[in-house]
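Below you'll find the structure, written out as structure tokens, and then a few comments.
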Amino acid sequence: MTTEFESLITKNSNTIRNIARSYTNMYDYEDLMQEILTQLWRSFASFRGDSKFETWLYRIAINTAVTYQRSEIKERKGSEKNTSLHSNNASLDGLSHDEILQTFIKKLNKVDSAVLMMYIDGLTANEMESVLGIKANAIKVRISRLKVKFQEQFVD
């Protein structure tokens, strides 16, 4: 089990990193990554292969990220959870495409950010439906709206 798990995690490390970055600030994402990896390890024995591994990974990772974020909010009680996220109007000059995309994702609500990350990773609307519990047609509409929103905000 260890070799198979390590191989799958290595293959999907960028996905895990992107999810962690989307749910925390740039200083705390490594803690969330570790929490996601721990939950994936604990749950790996129960993975039956009924869905693609990537779909299962998203389900575990997003649920872990949401739980992590809730616990962070409780700890901070009323204080601003990510002051860096509110400086979204800062200049984008010098940022890489990945950094611009992360800036956009952080401005989205959690469902839209999850949809966008899964879309970028090539999951189908049906696979996203099984992760998020949102109908595939609604996901397709969200993707279309996200494309327009991105273009309005970041494309000249």
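Just so we're on the same page: first chain in the structure tokens is A, next is B, and so on; residues restart at 1 for each chain, and ligands are numbered from 1 in the order they show up.
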
Quick one: everything within 8 Å of range 30-45 of chain A, counting only C-alpha atoms, minus sequence neighbours fewer than 4 positions away in the same chain. Send it as a compact mmCIF listing (two decimals) with C-alpha atoms, in the first residue's frame.
# COMPACT_ATOMS: atom_id res chain seq x y z
CA PHE A 5 0.05 5.60 -2.12
CA ILE A 16 -2.94 19.01 -3.24
CA ARG A 17 -0.72 22.10 -3.16
CA ALA A 20 -4.07 24.02 0.24
CA THR A 24 -5.15 29.28 3.44
CA LEU A 57 -8.60 12.85 -3.63
CA ILE A 60 -10.94 14.18 0.88
CA ALA A 61 -8.76 17.25 0.27
CA THR A 64 -10.14 18.49 5.03
CA ALA A 65 -9.46 22.05 3.84
CA TYR A 68 -9.12 23.12 8.69

Quiz item: DSSP says alpha helix (DSSP H) for which residues of range 3-156 of chain A? Put them as a PyMOL selection string?
Solution: chain A and resi 3-11+13-23+29-44+53-76+97-107+110-120+125-132+136-154

Which residues are close to Lys135 in chain A, i.e. within 8 Å by only C-alpha atoms, leaving aside same-chain residues fewer than 4 positions away? Reply as a compact mmCIF listing (two decimals) with N, CA and C atoms, in the first residue's frame.
# COMPACT_ATOMS: atom_id res chain seq x y z
N ASN A 126 -19.36 15.54 -14.47
CA ASN A 126 -19.92 14.40 -13.73
C ASN A 126 -19.03 14.00 -12.56
N GLU A 129 -19.51 16.56 -9.93
CA GLU A 129 -20.80 16.33 -9.27
C GLU A 129 -20.66 15.33 -8.13
N ILE A 139 -22.74 22.82 -12.68
CA ILE A 139 -21.29 22.98 -12.70
C ILE A 139 -20.84 23.58 -14.03

Q: Just the residues within 8 Å of Ala125 in chain A, please, counting only C-alpha atoms, with nothing from its chain fewer than 5 positions along; format it as number ranges by chain.
A: A: 136-137, 139-140

Return as CSV the residues of range 1-68 of chain A lying at most 10 Å from range 97-103 of chain A, together with the closest atom-to-atom pair for each and the distance in Å to one decimal, counting only C-alpha atoms, with rows in chain order and ascending residue number.
residue,atom,partner,partner_atom,distance
A:Asn18,CA,A:Gln102,CA,8.0
A:Ile19,CA,A:Gln102,CA,10.0
A:Arg21,CA,A:Gln102,CA,7.7
A:Ser22,CA,A:Gln102,CA,7.0

Atom pair CA of Ser46 in chain A + CA of Gly122 in chain A, distance 24.2 Å

Quick one: everything within 10 Å of Asn12 in chain A, counting only C-alpha atoms, minus sequence neighbours fewer than 5 positions away in the same chain. Send it as a PDB file with N, CA and C atoms, in the first residue's frame.
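Saved the output as selection_30.pdb:
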ATOM      1  N   GLU A   6       2.326   6.447  -2.264  1.00  0.00           N
ATOM      2  CA  GLU A   6       3.360   7.442  -2.568  1.00  0.00           C
ATOM      3  C   GLU A   6       3.338   7.834  -4.042  1.00  0.00           C
ATOM      4  N   SER A   7       3.161   6.862  -4.901  1.00  0.00           N
ATOM      5  CA  SER A   7       3.112   7.128  -6.337  1.00  0.00           C
ATOM      6  C   SER A   7       1.928   8.021  -6.690  1.00  0.00           C
ATOM      7  N   ARG A  17      -1.316  20.785  -3.438  1.00  0.00           N
ATOM      8  CA  ARG A  17      -0.725  22.101  -3.158  1.00  0.00           C
ATOM      9  C   ARG A  17      -1.697  23.218  -3.531  1.00  0.00           C
ATOM     10  N   PHE A  53      -9.192   8.018  -8.840  1.00  0.00           N
ATOM     11  CA  PHE A  53      -8.451   8.408  -7.646  1.00  0.00           C
ATOM     12  C   PHE A  53      -8.494   9.919  -7.460  1.00  0.00           C
ATOM     13  N   GLU A  54      -8.371  10.673  -8.560  1.00  0.00           N
ATOM     14  CA  GLU A  54      -8.361  12.126  -8.479  1.00  0.00           C
ATOM     15  C   GLU A  54      -9.668  12.664  -7.899  1.00  0.00           C
ATOM     16  N   LEU A  57      -9.558  11.937  -4.242  1.00  0.00           N
ATOM     17  CA  LEU A  57      -8.598  12.850  -3.626  1.00  0.00           C
ATOM     18  C   LEU A  57      -9.219  14.224  -3.415  1.00  0.00           C
ATOM     19  N   ASP A 121      -7.760  20.891 -13.592  1.00  0.00           N
ATOM     20  CA  ASP A 121      -7.121  19.570 -13.517  1.00  0.00           C
ATOM     21  C   ASP A 121      -7.764  18.548 -14.441  1.00  0.00           C
TER      22      ASP A 121
END

For Val155 in chain A, the closest of A:Phe104, A:Lys11, A:Ser71, A:Ser51 counting only C-alpha atoms is A:Phe104

Can you work out which one of A:Ile134, A:Val66, A:Leu95, A:Leu8 has the shortest atom-to-atom distance to Phe154 in chain A, counting only C-alpha atoms?
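For Phe154 in chain A, the nearest of the given residues is A:Leu95.
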
In Å, how far is it from CA of Leu116 in chain A to CA of Arg48 in chain A?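 Value for the CA of Leu116 in chain A-CA of Arg48 in chain A distance: 26.0 Å.
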